[in-house]
$ cat my_file_28.tsv   # TSV, C-alpha atoms and all ligand atoms
chain	number	residue	atom	x	y	z
A	1	MET	CA	35.98	-56.08	-68.56
A	2	THR	CA	36.78	-54.13	-71.70
A	3	ILE	CA	34.64	-51.53	-73.49
A	4	VAL	CA	34.88	-51.41	-77.28
A	5	LEU	CA	33.46	-48.55	-79.34
A	6	GLY	CA	32.50	-49.42	-82.94
A	7	ILE	CA	32.08	-46.85	-85.72
A	8	GLU	CA	30.48	-47.67	-89.09
A	9	SER	CA	30.15	-45.25	-92.01
A	10	SER	CA	30.77	-47.29	-95.18
A	11	CYS	CA	27.51	-46.54	-96.95
A	12	ASP	CA	24.35	-44.67	-95.90
A	13	GLU	CA	24.15	-45.64	-92.21
A	14	THR	CA	26.11	-43.88	-89.48
A	15	GLY	CA	26.36	-46.62	-86.86
A	16	ILE	CA	27.79	-46.35	-83.36
A	17	GLY	CA	27.97	-49.47	-81.23
A	18	ILE	CA	29.31	-50.12	-77.75
A	19	VAL	CA	30.17	-53.66	-76.70
A	20	ARG	CA	31.53	-54.90	-73.37
A	21	ILE	CA	33.83	-57.92	-73.21
A	22	GLU	CA	32.88	-59.67	-69.96
A	23	SER	CA	35.46	-61.36	-67.74
A	24	ASP	CA	34.42	-64.76	-69.17
A	25	GLY	CA	34.89	-63.47	-72.75
A	26	ALA	CA	31.18	-63.12	-73.54
A	27	LEU	CA	30.08	-60.01	-75.45
A	28	THR	CA	27.34	-57.71	-74.18
A	29	LEU	CA	25.80	-55.12	-76.48
A	30	LEU	CA	25.38	-51.86	-74.55
A	31	ALA	CA	24.41	-49.43	-77.33
A	32	ASP	CA	23.49	-49.57	-81.02
A	33	GLU	CA	22.72	-46.14	-82.50
A	34	VAL	CA	22.02	-45.87	-86.21
A	35	ALA	CA	21.37	-42.65	-88.12
A	36	SER	CA	20.33	-43.37	-91.69
A	37	SER	CA	20.51	-41.00	-94.66
A	38	VAL	CA	18.37	-43.35	-96.77
A	39	ASP	CA	15.55	-40.80	-97.11
A	40	GLN	CA	17.97	-38.36	-98.74
A	41	HIS	CA	18.90	-40.96	-101.39
A	42	ALA	CA	15.44	-42.40	-102.06
A	43	ARG	CA	14.50	-39.97	-104.84
A	44	PHE	CA	17.71	-40.86	-106.71
A	45	GLY	CA	16.97	-44.60	-106.49
A	46	GLY	CA	20.39	-45.33	-104.97
A	47	VAL	CA	23.01	-43.97	-102.61
A	48	VAL	CA	24.61	-40.66	-103.71
A	49	PRO	CA	28.15	-40.79	-102.29
A	50	GLU	CA	28.56	-37.06	-101.61
A	51	VAL	CA	25.18	-36.87	-99.89
A	52	ALA	CA	26.12	-39.89	-97.75
A	53	SER	CA	29.48	-38.35	-96.73
A	54	ARG	CA	27.86	-35.09	-95.64
A	55	ALA	CA	25.17	-36.97	-93.70
A	56	HIS	CA	27.86	-38.97	-91.85
A	57	LEU	CA	29.65	-35.75	-90.98
A	58	GLU	CA	26.48	-34.31	-89.49
A	59	ALA	CA	25.32	-37.48	-87.71
A	60	LEU	CA	28.54	-38.87	-86.29
A	61	VAL	CA	29.17	-36.89	-83.10
A	62	PRO	CA	25.46	-36.70	-82.09
A	63	SER	CA	25.22	-40.49	-82.63
A	64	VAL	CA	28.26	-41.06	-80.41
A	65	THR	CA	26.65	-38.87	-77.73
A	66	ARG	CA	23.38	-40.84	-77.93
A	67	ALA	CA	25.22	-44.17	-77.75
A	68	PHE	CA	27.07	-43.19	-74.58
A	69	GLU	CA	23.82	-41.95	-73.03
A	70	ALA	CA	22.13	-45.27	-73.88
A	71	ALA	CA	25.02	-47.26	-72.39
A	72	ALA	CA	25.26	-44.96	-69.35
A	73	LEU	CA	29.01	-44.66	-69.96
A	74	GLU	CA	31.51	-41.85	-70.54
A	75	LEU	CA	33.93	-41.59	-73.46
A	76	SER	CA	36.74	-42.07	-70.92
A	77	ASP	CA	35.40	-45.59	-70.22
A	78	VAL	CA	36.43	-46.76	-73.72
A	79	ASP	CA	39.32	-49.25	-73.88
A	80	ALA	CA	39.51	-49.81	-77.66
A	81	ILE	CA	37.99	-48.43	-80.86
A	82	ALA	CA	37.12	-50.30	-84.06
A	83	VAL	CA	36.14	-48.49	-87.24
A	84	THR	CA	35.10	-49.71	-90.66
A	85	CYS	CA	37.99	-48.82	-92.99
A	86	GLY	CA	36.61	-50.72	-96.02
A	87	PRO	CA	35.09	-51.83	-98.25
A	88	GLY	CA	32.63	-49.04	-99.00
A	89	LEU	CA	32.35	-45.51	-100.37
A	90	ALA	CA	35.67	-43.67	-100.02
A	91	GLY	CA	34.29	-40.36	-98.77
A	92	ALA	CA	31.84	-42.03	-96.41
A	93	LEU	CA	34.52	-44.32	-94.94
A	94	LEU	CA	36.85	-41.36	-94.42
A	95	VAL	CA	34.39	-39.64	-92.07
A	96	GLY	CA	34.27	-42.64	-89.73
A	97	VAL	CA	38.01	-43.35	-89.98
A	98	SER	CA	38.90	-39.71	-89.24
A	99	ALA	CA	36.57	-39.59	-86.25
A	100	ALA	CA	37.88	-42.90	-84.90
A	101	LYS	CA	41.48	-41.71	-85.21
A	102	ALA	CA	40.62	-38.52	-83.36
A	103	TYR	CA	38.87	-40.40	-80.54
A	104	ALA	CA	41.70	-42.97	-80.31
A	105	ALA	CA	44.36	-40.24	-80.15
A	106	ALA	CA	42.43	-38.17	-77.62
A	107	LEU	CA	41.63	-41.15	-75.37
A	108	ASN	CA	45.01	-42.85	-75.95
A	109	VAL	CA	43.40	-46.23	-76.69
A	110	PRO	CA	44.15	-48.80	-79.44
A	111	LEU	CA	42.48	-48.34	-82.82
A	112	TYR	CA	41.44	-51.20	-85.12
A	113	GLY	CA	40.68	-50.55	-88.79
A	114	ALA	CA	38.02	-53.21	-89.32
A	115	ASN	CA	36.64	-54.90	-92.42
A	116	HIS	CA	32.91	-54.28	-92.89
A	117	LEU	CA	32.23	-57.78	-94.30
A	118	PRO	CA	33.45	-59.92	-91.37
A	119	GLY	CA	31.68	-57.27	-89.28
A	120	HIS	CA	28.36	-58.50	-90.67
A	121	VAL	CA	29.28	-62.02	-89.51
A	122	ALA	CA	30.45	-60.77	-86.09
A	123	ALA	CA	27.00	-59.22	-85.56
A	124	ASP	CA	25.62	-62.72	-85.06
A	125	THR	CA	27.94	-63.39	-82.11
A	126	LEU	CA	26.16	-60.58	-80.21
A	127	GLU	CA	22.95	-62.56	-80.41
A	128	HIS	CA	23.99	-66.22	-80.53
A	129	GLY	CA	27.40	-66.30	-78.82
A	130	PRO	CA	30.76	-67.55	-80.15
A	131	LEU	CA	30.89	-69.15	-83.60
A	132	PRO	CA	32.04	-72.74	-83.92
A	133	SER	CA	35.14	-73.25	-86.09
A	134	PRO	CA	34.83	-73.60	-88.98
A	135	CYS	CA	31.50	-72.17	-90.04
A	136	LEU	CA	30.17	-71.02	-93.39
A	137	ALA	CA	28.93	-67.45	-93.74
A	138	LEU	CA	26.51	-66.41	-96.45
A	139	LEU	CA	26.97	-62.66	-96.65
A	140	VAL	CA	24.20	-60.95	-98.58
A	141	SER	CA	24.14	-57.16	-98.66
A	142	GLY	CA	23.60	-54.26	-101.03
A	143	GLY	CA	27.21	-54.34	-102.17
A	144	HIS	CA	28.28	-57.95	-101.62
A	145	THR	CA	27.15	-61.54	-102.02
A	146	GLN	CA	29.72	-63.99	-100.77
A	147	LEU	CA	30.20	-67.42	-99.29
A	148	LEU	CA	32.95	-67.37	-96.67
A	149	ARG	CA	34.67	-70.07	-94.73
A	150	VAL	CA	35.24	-68.61	-91.27
A	151	ASP	CA	37.87	-70.45	-89.24
A	152	ASP	CA	38.43	-67.50	-86.91
A	153	LEU	CA	36.54	-64.22	-87.14
A	154	ALA	CA	39.59	-62.22	-86.08
A	155	THR	CA	42.27	-63.95	-88.12
A	156	LYS	CA	41.13	-66.45	-90.75
A	157	ILE	CA	38.38	-65.84	-93.30
A	158	THR	CA	38.52	-67.37	-96.78
A	159	GLU	CA	36.27	-66.61	-99.71
A	160	VAL	CA	34.58	-69.71	-101.09
A	161	GLY	CA	32.46	-67.98	-103.73
A	162	SER	CA	31.00	-64.61	-104.65
A	163	THR	CA	28.80	-62.83	-107.16
A	164	ILE	CA	30.29	-62.28	-110.59
A	165	ASP	CA	28.03	-59.29	-111.26
A	166	ASP	CA	25.27	-57.74	-109.08
A	167	ALA	CA	24.95	-58.30	-105.35
A	168	ALA	CA	21.66	-59.80	-104.13
A	169	GLY	CA	20.61	-56.53	-102.46
A	170	GLU	CA	21.47	-54.61	-105.60
A	171	ALA	CA	19.15	-56.93	-107.56
A	172	TYR	CA	16.37	-56.20	-105.03
A	173	ASP	CA	16.95	-52.46	-105.42
A	174	LYS	CA	16.95	-52.62	-109.25
A	175	VAL	CA	13.87	-54.85	-109.46
A	176	ALA	CA	12.03	-52.56	-107.04
A	177	ARG	CA	12.71	-49.68	-109.41
A	178	ILE	CA	11.37	-51.71	-112.36
A	179	LEU	CA	8.20	-52.44	-110.36
A	180	GLY	CA	7.77	-48.82	-109.23
A	181	LEU	CA	8.50	-49.70	-105.59
A	182	PRO	CA	10.57	-47.36	-103.36
A	183	TYR	CA	14.30	-47.52	-102.54
A	184	PRO	CA	15.76	-49.51	-100.85
A	185	GLY	CA	13.93	-52.30	-102.62
A	186	GLY	CA	14.35	-55.18	-100.17
A	187	PRO	CA	11.63	-54.36	-97.65
A	188	PRO	CA	8.86	-53.38	-100.17
A	189	ILE	CA	9.57	-56.44	-102.35
A	190	ASP	CA	9.55	-58.67	-99.26
A	191	LYS	CA	6.15	-57.20	-98.33
A	192	ALA	CA	4.63	-57.44	-101.83
A	193	ALA	CA	5.97	-60.99	-102.22
A	194	ARG	CA	4.00	-62.15	-99.18
A	195	ARG	CA	0.80	-61.37	-101.10
A	196	GLY	CA	2.02	-62.91	-104.37
A	197	ASN	CA	2.46	-66.37	-105.87
A	198	PRO	CA	6.15	-67.44	-105.97
A	199	ASP	CA	5.36	-69.97	-108.73
A	200	ALA	CA	3.58	-67.48	-110.99
A	201	ILE	CA	6.64	-66.84	-113.18
A	202	ARG	CA	9.69	-69.08	-113.52
A	203	PHE	CA	12.58	-66.60	-113.49
A	204	PRO	CA	16.11	-67.90	-114.26
A	205	ARG	CA	18.41	-69.21	-111.53
A	206	GLY	CA	21.86	-67.79	-112.40
A	207	LEU	CA	24.97	-70.03	-112.54
A	208	THR	CA	23.12	-73.25	-111.71
A	209	GLY	CA	24.07	-75.19	-114.84
A	210	PRO	CA	26.24	-78.30	-114.52
A	211	ARG	CA	29.33	-76.50	-115.87
A	212	ASP	CA	28.84	-73.25	-113.91
A	213	ALA	CA	31.02	-72.22	-110.95
A	214	LYS	CA	29.11	-74.00	-108.21
A	215	TYR	CA	29.74	-71.54	-105.36
A	216	ASP	CA	29.55	-68.29	-107.37
A	217	PHE	CA	26.41	-66.21	-107.92
A	218	SER	CA	24.99	-64.10	-110.73
A	219	PHE	CA	21.93	-61.87	-110.40
A	220	SER	CA	22.20	-59.59	-113.40
A	221	GLY	CA	20.45	-62.06	-115.74
A	222	LEU	CA	17.60	-62.37	-113.25
A	223	LYS	CA	17.20	-58.60	-113.08
A	224	THR	CA	17.16	-58.42	-116.89
A	225	ALA	CA	14.59	-61.23	-117.06
A	226	VAL	CA	12.29	-59.30	-114.71
A	227	ALA	CA	12.76	-56.13	-116.79
A	228	ARG	CA	11.97	-58.00	-120.05
A	229	TRP	CA	8.90	-59.64	-118.50
A	230	VAL	CA	7.55	-56.27	-117.39
A	231	GLU	CA	8.44	-54.49	-120.67
A	232	ALA	CA	6.64	-57.18	-122.68
A	233	ARG	CA	3.42	-56.24	-120.84
A	234	GLU	CA	3.60	-52.51	-121.46
A	235	GLY	CA	0.17	-50.93	-121.23
A	236	GLN	CA	-1.19	-53.87	-119.21
A	237	GLU	CA	-1.55	-54.02	-115.47
A	238	ILE	CA	1.55	-55.66	-113.95
A	239	PRO	CA	0.85	-58.23	-111.21
A	240	VAL	CA	3.46	-56.63	-108.92
A	241	ASP	CA	2.91	-59.06	-106.04
A	242	ASP	CA	3.41	-62.12	-108.26
A	243	VAL	CA	6.49	-60.65	-109.96
A	244	ALA	CA	7.96	-59.75	-106.55
A	245	ALA	CA	7.22	-63.21	-105.14
A	246	SER	CA	8.63	-65.00	-108.19
A	247	PHE	CA	11.76	-62.83	-108.21
A	248	GLN	CA	12.26	-63.30	-104.47
A	249	GLU	CA	11.85	-67.06	-104.85
A	250	ALA	CA	14.58	-67.16	-107.51
A	251	VAL	CA	16.98	-65.21	-105.24
A	252	ALA	CA	16.26	-67.25	-102.11
A	253	ASP	CA	16.39	-70.53	-104.05
A	254	VAL	CA	19.85	-69.90	-105.52
A	255	LEU	CA	21.35	-68.40	-102.34
A	256	THR	CA	20.21	-71.24	-100.09
A	257	ALA	CA	20.90	-74.06	-102.57
A	258	LYS	CA	24.50	-72.91	-103.15
A	259	ALA	CA	25.17	-72.19	-99.48
A	260	VAL	CA	23.85	-75.58	-98.33
A	261	ARG	CA	25.81	-77.33	-101.08
A	262	ALA	CA	29.02	-75.55	-100.07
A	263	ALA	CA	28.54	-76.37	-96.37
A	264	THR	CA	27.81	-80.01	-97.16
A	265	GLU	CA	30.70	-80.45	-99.58
A	266	LEU	CA	33.17	-78.65	-97.30
A	267	GLY	CA	31.99	-80.63	-94.27
A	268	ILE	CA	30.87	-77.54	-92.33
A	269	ASP	CA	27.89	-77.96	-90.03
A	270	THR	CA	27.05	-74.35	-89.03
A	271	MET	CA	25.87	-71.61	-91.37
A	272	VAL	CA	25.50	-67.90	-90.59
A	273	VAL	CA	23.43	-65.74	-92.91
A	274	SER	CA	24.00	-62.00	-92.50
A	275	GLY	CA	23.97	-58.64	-94.29
A	276	GLY	CA	20.92	-56.56	-95.22
A	277	VAL	CA	19.27	-59.24	-97.38
A	278	ALA	CA	19.41	-61.70	-94.44
A	279	ALA	CA	16.50	-59.64	-93.09
A	280	ASN	CA	14.41	-61.13	-95.92
A	281	SER	CA	11.57	-63.31	-94.68
A	282	ARG	CA	11.63	-65.86	-97.52
A	283	LEU	CA	15.42	-66.24	-97.42
A	284	SER	CA	15.42	-67.09	-93.72
A	285	THR	CA	12.47	-69.49	-94.03
A	286	LEU	CA	13.95	-71.36	-96.98
A	287	ALA	CA	17.43	-71.40	-95.40
A	288	ALA	CA	15.92	-72.87	-92.21
A	289	ALA	CA	14.11	-75.62	-94.13
A	290	ARG	CA	17.09	-76.55	-96.30
A	291	CYS	CA	19.61	-76.42	-93.43
A	292	ALA	CA	17.36	-78.63	-91.29
A	293	GLU	CA	17.12	-81.13	-94.14
A	294	ALA	CA	20.92	-81.17	-94.54
A	295	GLY	CA	21.63	-81.36	-90.78
A	296	ILE	CA	23.18	-77.88	-90.71
A	297	THR	CA	22.72	-75.50	-87.77
A	298	LEU	CA	21.49	-72.15	-89.08
A	299	ARG	CA	22.17	-68.82	-87.37
A	300	VAL	CA	20.58	-65.57	-88.57
A	301	PRO	CA	20.90	-62.40	-86.48
A	302	ARG	CA	17.77	-60.33	-85.87
A	303	PRO	CA	16.96	-57.94	-88.76
A	304	ARG	CA	18.29	-54.89	-86.91
A	305	LEU	CA	21.72	-56.56	-86.69
A	306	CYS	CA	21.58	-57.73	-90.34
A	307	THR	CA	21.50	-54.27	-91.92
A	308	ASP	CA	24.47	-51.93	-91.46
A	309	ASN	CA	25.12	-50.84	-87.87
A	310	GLY	CA	27.93	-49.95	-85.48
A	311	ALA	CA	27.31	-52.83	-83.08
A	312	MET	CA	28.70	-55.29	-85.62
A	313	ILE	CA	31.93	-53.29	-85.88
A	314	ALA	CA	32.20	-53.07	-82.09
A	315	ALA	CA	31.66	-56.85	-82.00
A	316	LEU	CA	34.40	-57.46	-84.58
A	317	GLY	CA	36.64	-55.08	-82.61
A	318	ALA	CA	35.95	-57.13	-79.48
A	319	HIS	CA	37.01	-60.31	-81.29
A	320	LEU	CA	40.21	-58.58	-82.44
A	321	VAL	CA	40.95	-57.44	-78.87
A	322	LYS	CA	40.29	-60.94	-77.51
A	323	ALA	CA	42.55	-62.52	-80.16
A	324	GLN	CA	45.27	-59.99	-79.20
A	325	VAL	CA	45.63	-58.86	-82.80
A	326	ARG	CA	48.01	-55.92	-83.26
A	327	PRO	CA	46.09	-52.61	-83.46
A	328	SER	CA	46.23	-50.36	-86.53
A	329	SER	CA	48.49	-47.35	-86.64
A	330	LEU	CA	47.13	-43.81	-86.44
A	331	ASP	CA	47.93	-43.25	-90.11
A	332	LEU	CA	45.20	-45.77	-90.96
A	333	SER	CA	43.40	-44.88	-94.16
A	334	ALA	CA	40.13	-45.90	-95.81
A	335	ASN	CA	40.35	-48.68	-98.41
A	336	PRO	CA	37.18	-48.80	-100.56
A	337	GLY	CA	38.25	-52.14	-102.07
A	338	LEU	CA	39.48	-53.91	-98.92
A	339	PRO	CA	39.44	-57.69	-99.61
A	340	VAL	CA	37.29	-59.82	-97.31
A	341	GLY	CA	40.21	-61.87	-95.98
A	342	THR	CA	41.88	-58.76	-94.51
A	343	VAL	CA	39.94	-58.56	-91.25
A	344	THR	CA	41.98	-55.67	-89.85
A	345	VAL	CA	44.53	-53.34	-91.40
B	1	LIG	O1	24.06	-54.79	-95.39
B	1	LIG	P1	23.29	-53.60	-95.85
B	1	LIG	O2	22.47	-52.85	-94.85
B	1	LIG	O3	24.22	-52.55	-96.56
B	1	LIG	C1	25.32	-52.93	-97.33
B	1	LIG	O4	26.40	-53.24	-96.74
B	1	LIG	O5	25.13	-52.97	-98.58
B	1	LIG	O6	22.34	-54.12	-97.05
B	1	LIG	C2	21.46	-53.26	-97.71
B	1	LIG	C3	20.66	-54.10	-98.73
B	1	LIG	C4	19.79	-53.25	-99.65
B	1	LIG	O7	20.06	-53.63	-101.00
B	1	LIG	C5	18.36	-53.62	-99.24
B	1	LIG	O8	17.45	-53.58	-100.33
B	1	LIG	C6	18.55	-55.03	-98.73
B	1	LIG	O9	19.78	-55.00	-98.04
B	1	LIG	N1	17.48	-55.43	-97.79
B	1	LIG	C7	16.64	-56.47	-98.05
B	1	LIG	C8	15.70	-56.49	-96.97
B	1	LIG	N2	16.04	-55.49	-96.09
B	1	LIG	C9	17.13	-54.86	-96.62
B	1	LIG	N3	16.57	-57.32	-99.08
B	1	LIG	C10	15.59	-58.24	-99.06
B	1	LIG	N4	14.65	-58.31	-98.09
B	1	LIG	C11	14.67	-57.48	-97.02
B	1	LIG	N5	13.74	-57.58	-96.07
B	2	ZN	ZN	26.80	-53.95	-95.01

$ encode --input "my_file_28.tsv" --output "structure tokens"
Amino acid sequence: MTIVLGIESSCDETGIGIVRIESDGALTLLADEVASSVDQHARFGGVVPEVASRAHLEALVPSVTRAFEAAALELSDVDAIAVTCGPGLAGALLVGVSAAKAYAAALNVPLYGANHLPGHVAADTLEHGPLPSPCLALLVSGGHTQLLRVDDLATKITEVGSTIDDAAGEAYDKVARILGLPYPGGPPIDKAARRGNPDAIRFPRGLTGPRDAKYDFSFSGLKTAVARWVEAREGQEIPVDDVAASFQEAVADVLTAKAVRAATELGIDTMVVSGGVAANSRLSTLAAARCAEAGITLRVPRPRLCTDNGAMIAALGAHLVKAQVRPSSLDLSANPGLPVGTVTV
């Protein structure tokens, strides 16, 4: 049995996860502590990097302490450490990377600089077990929207498509601001949309024309369309629930249509949807219906594992340990632009 500590600090969540690799290779989640600085960013309508870095600095050691209490383990029980080294905010990443290096040096255990994006996919293995090979991952977060072919979580991930402008979560956050809803925009839009009519307004579906890149996404035109629609009704009461529902329908429609098309055309029969936007109720319902229709097995981790957390990094670390991938060196650095195919550095 091997204990893996995971540290996540790429954006506004300080996440500490502890995962045990059982003798049969199964992963058991022992602790998942998340300290969020989201309240400190809310009044700015987006994450303020310097505020996030300081919050990580303050939250990191207490979160580690809480995680070990929850797992009923000691630091000396740790066999390997994984830390998000990119992509993300440089200053925020550096806090986690520095802490992980210090723990690894002090405990004399291997250190893995881990990629945040495959981490989101690895989160699902904590809930639903090993992934079949290959599978298709739809990664939808505040910073990324990507379709990935995953042959092996630890060693072989290939980008199939991605957004050419805004990420899906970013579109949620911007539309929430237009509608006067709080930051982050995903949860309040999800809630408002449940009361609204998704067919009230036909918002554009980006990059769905016959000559458009079939696996790429674009959400900036959709965001602009919502802004124009609202501006055109200045002085009138805006039907927020209907706008939210119609916007959400456009996002979920494009994401699921393109993902199902990619899986079908690439001959892949399992799809994983993860990242913060995977917590969206309409996205998971529509993905379930369309995957069932296409004969694709759908896997979506529970909402807590979809948004940023340390458990997903511990899980990715566990896959790296199991695959006997070479650990990172202690001069590991943060890489804000780490490409998705580089699972570990
Ligand atoms: O994966 P994540 O926690 O952080 C990044 O790596 O970016 O994703 C955060 C994003 C935010 O844009 C937030 O608005 C969105 O996920 N989000 C949602 C929901 N919950 C969070 N979007 C739609 N519906 C939700 N229920
Ligand atoms: Zn994320």

$ closest_atom_pairs --input "my_file_28.tsv" --of "chain A" --to "ligand LIG 1 (chain B)" --cutoff "7 Å" --atoms "only C-alpha atoms and all ligand atoms" --output "tab-separated table"
residue	atom	partner	partner_atom	distance
A:Cys11	CA	B:LIG1	C1	6.8
A:Val140	CA	B:LIG1	O1	6.9
A:Ser141	CA	B:LIG1	O6	3.9
A:Gly142	CA	B:LIG1	O5	3.2
A:Gly143	CA	B:LIG1	O5	4.4
A:His144	CA	B:LIG1	O5	6.6
A:Gly169	CA	B:LIG1	O7	3.3
A:Glu170	CA	B:LIG1	O7	4.9
A:Tyr172	CA	B:LIG1	O8	5.5
A:Asp173	CA	B:LIG1	O8	5.2
A:Pro184	CA	B:LIG1	O8	4.4
A:Gly185	CA	B:LIG1	O8	4.4
A:Gly186	CA	B:LIG1	N3	3.3
A:Pro187	CA	B:LIG1	N5	4.2
A:Ile189	CA	B:LIG1	N4	6.9
A:Asp190	CA	B:LIG1	N4	5.2
A:Gly275	CA	B:LIG1	O1	4.0
A:Gly276	CA	B:LIG1	O6	3.4
A:Val277	CA	B:LIG1	N3	3.7
A:Ala278	CA	B:LIG1	C11	6.9
A:Ala279	CA	B:LIG1	N5	4.6
A:Asn280	CA	B:LIG1	N4	3.6
A:Ser281	CA	B:LIG1	N5	6.3
A:Cys306	CA	B:LIG1	O1	6.3
A:Thr307	CA	B:LIG1	O2	3.4
A:Asp308	CA	B:LIG1	O2	4.0

$ closest_residue --input "my_file_28.tsv" --among "A:Ala311, A:Val254, A:Ala102, A:Leu75" --to "ligand ZN 2 (chain B)" --atoms "all atoms listed in the file"
A:Ala311

$ closest_atom_pairs --input "my_file_28.tsv" --of "range 297-328 of chain A" --to "range 25-38 of chain A" --cutoff "12 Å" --atoms "all atoms listed in the file" --output "JSON lines"
{"residue": "A:Arg304", "atom": "CA", "partner": "A:Asp32", "partner_atom": "CA", "distance": 9.5}
{"residue": "A:Leu305", "atom": "CA", "partner": "A:Asp32", "partner_atom": "CA", "distance": 9.2}
{"residue": "A:Thr307", "atom": "CA", "partner": "A:Val34", "partner_atom": "CA", "distance": 10.2}
{"residue": "A:Asp308", "atom": "CA", "partner": "A:Val34", "partner_atom": "CA", "distance": 8.4}
{"residue": "A:Asn309", "atom": "CA", "partner": "A:Val34", "partner_atom": "CA", "distance": 6.1}
{"residue": "A:Gly310", "atom": "CA", "partner": "A:Asp32", "partner_atom": "CA", "distance": 6.3}
{"residue": "A:Ala311", "atom": "CA", "partner": "A:Asp32", "partner_atom": "CA", "distance": 5.4}
{"residue": "A:Met312", "atom": "CA", "partner": "A:Asp32", "partner_atom": "CA", "distance": 9.0}
{"residue": "A:Ile313", "atom": "CA", "partner": "A:Asp32", "partner_atom": "CA", "distance": 10.4}
{"residue": "A:Ala314", "atom": "CA", "partner": "A:Leu29", "partner_atom": "CA", "distance": 8.8}
{"residue": "A:Ala315", "atom": "CA", "partner": "A:Leu27", "partner_atom": "CA", "distance": 7.4}
{"residue": "A:Leu316", "atom": "CA", "partner": "A:Leu27", "partner_atom": "CA", "distance": 10.4}
{"residue": "A:Gly317", "atom": "CA", "partner": "A:Leu27", "partner_atom": "CA", "distance": 10.9}
{"residue": "A:Ala318", "atom": "CA", "partner": "A:Leu27", "partner_atom": "CA", "distance": 7.7}
{"residue": "A:His319", "atom": "CA", "partner": "A:Leu27", "partner_atom": "CA", "distance": 9.1}
{"residue": "A:Val321", "atom": "CA", "partner": "A:Gly25", "partner_atom": "CA", "distance": 10.5}
{"residue": "A:Lys322", "atom": "CA", "partner": "A:Gly25", "partner_atom": "CA", "distance": 7.6}
{"residue": "A:Ala323", "atom": "CA", "partner": "A:Gly25", "partner_atom": "CA", "distance": 10.7}

$ residues_around --input "my_file_28.tsv" --residues "Val109 in chain A" --least-positions-apart "4" --cutoff "12 Å" --atoms "only C-alpha atoms" --output "compact mmCIF listing (two decimals) with C-alpha atoms, keeping the file's coordinate frame"
# COMPACT_ATOMS: atom_id res chain seq x y z
CA THR A 2 36.78 -54.13 -71.70
CA ILE A 3 34.64 -51.53 -73.49
CA VAL A 4 34.88 -51.41 -77.28
CA LEU A 5 33.46 -48.55 -79.34
CA LEU A 75 33.93 -41.59 -73.46
CA SER A 76 36.74 -42.07 -70.92
CA ASP A 77 35.40 -45.59 -70.22
CA VAL A 78 36.43 -46.76 -73.72
CA ASP A 79 39.32 -49.25 -73.88
CA ALA A 80 39.51 -49.81 -77.66
CA ILE A 81 37.99 -48.43 -80.86
CA ALA A 82 37.12 -50.30 -84.06
CA ALA A 100 37.88 -42.90 -84.90
CA LYS A 101 41.48 -41.71 -85.21
CA ALA A 102 40.62 -38.52 -83.36
CA TYR A 103 38.87 -40.40 -80.54
CA ALA A 104 41.70 -42.97 -80.31
CA ALA A 105 44.36 -40.24 -80.15
CA VAL A 321 40.95 -57.44 -78.87
CA PRO A 327 46.09 -52.61 -83.46
CA SER A 328 46.23 -50.36 -86.53
CA SER A 329 48.49 -47.35 -86.64
CA LEU A 330 47.13 -43.81 -86.44

$ closest_residue --input "my_file_28.tsv" --among "A:Gly196, A:Thr208, A:Glu231, A:Asp216" --to "Ala244 in chain A" --atoms "only C-alpha atoms"
A:Gly196

$ residues_near_point --input "my_file_28.tsv" --point "(28.7, -46.6, -93.8)" --cutoff "10 Å" --atoms "only C-alpha atoms" --output "VMD selection string"
chain A and resid 7 to 15 36 to 37 52 to 53 56 84 to 96 116 308 to 310

$ atom_distance --input "my_file_28.tsv" --atom1 "CA of Leu126 in chain A" --atom2 "CA of Gly267 in chain A"
25.2 Å

$ closest_residue --input "my_file_28.tsv" --among "A:Val97, A:Val150, A:Ala167, A:Leu57" --to "ligand ZN 2 (chain B)" --atoms "all atoms listed in the file"
A:Ala167

$ atom_distance --input "my_file_28.tsv" --atom1 "CA of Met271 in chain A" --atom2 "CA of Leu298 in chain A"
5.0 Å

$ residues_around --input "my_file_28.tsv" --residues "Arg202 in chain A" --least-positions-apart "2" --cutoff "10 Å" --atoms "all atoms listed in the file" --output "number ranges by chain"
A: 198-200, 204-205, 225, 243, 246-247, 249-250

$ atom_distance --input "my_file_28.tsv" --atom1 "CA of Thr65 in chain A" --atom2 "CA of Pro110 in chain A"
20.2 Å

$ axis_aligned_box --input "my_file_28.tsv" --around "range 170-182 of chain A" --padding-each-side "6 Å" --output "AutoDock Vina command-line options"
--center_x 14.6 --center_y -52.1 --center_z -107.9 --size_x 25.7 --size_y 21.6 --size_z 21.0

$ residues_around --input "my_file_28.tsv" --residues "Ile238 in chain A" --least-positions-apart "5" --cutoff "12 Å" --atoms "all atoms listed in the file" --output "list of chain:residue names"
A:Ile178, A:Leu179, A:Gly180, A:Val226, A:Ala227, A:Trp229, A:Val230, A:Glu231, A:Ala232, A:Arg233, A:Val243, A:Ala244

$ closest_residue --input "my_file_28.tsv" --among "A:Met1, A:Ile16, A:Val260, A:Ala193" --to "Cys135 in chain A" --atoms "all atoms listed in the file"
A:Val260

$ closest_residue --input "my_file_28.tsv" --among "A:Arg302, A:Lys174, A:Lys214, A:Arg43" --to "His120 in chain A" --atoms "only C-alpha atoms"
A:Arg302
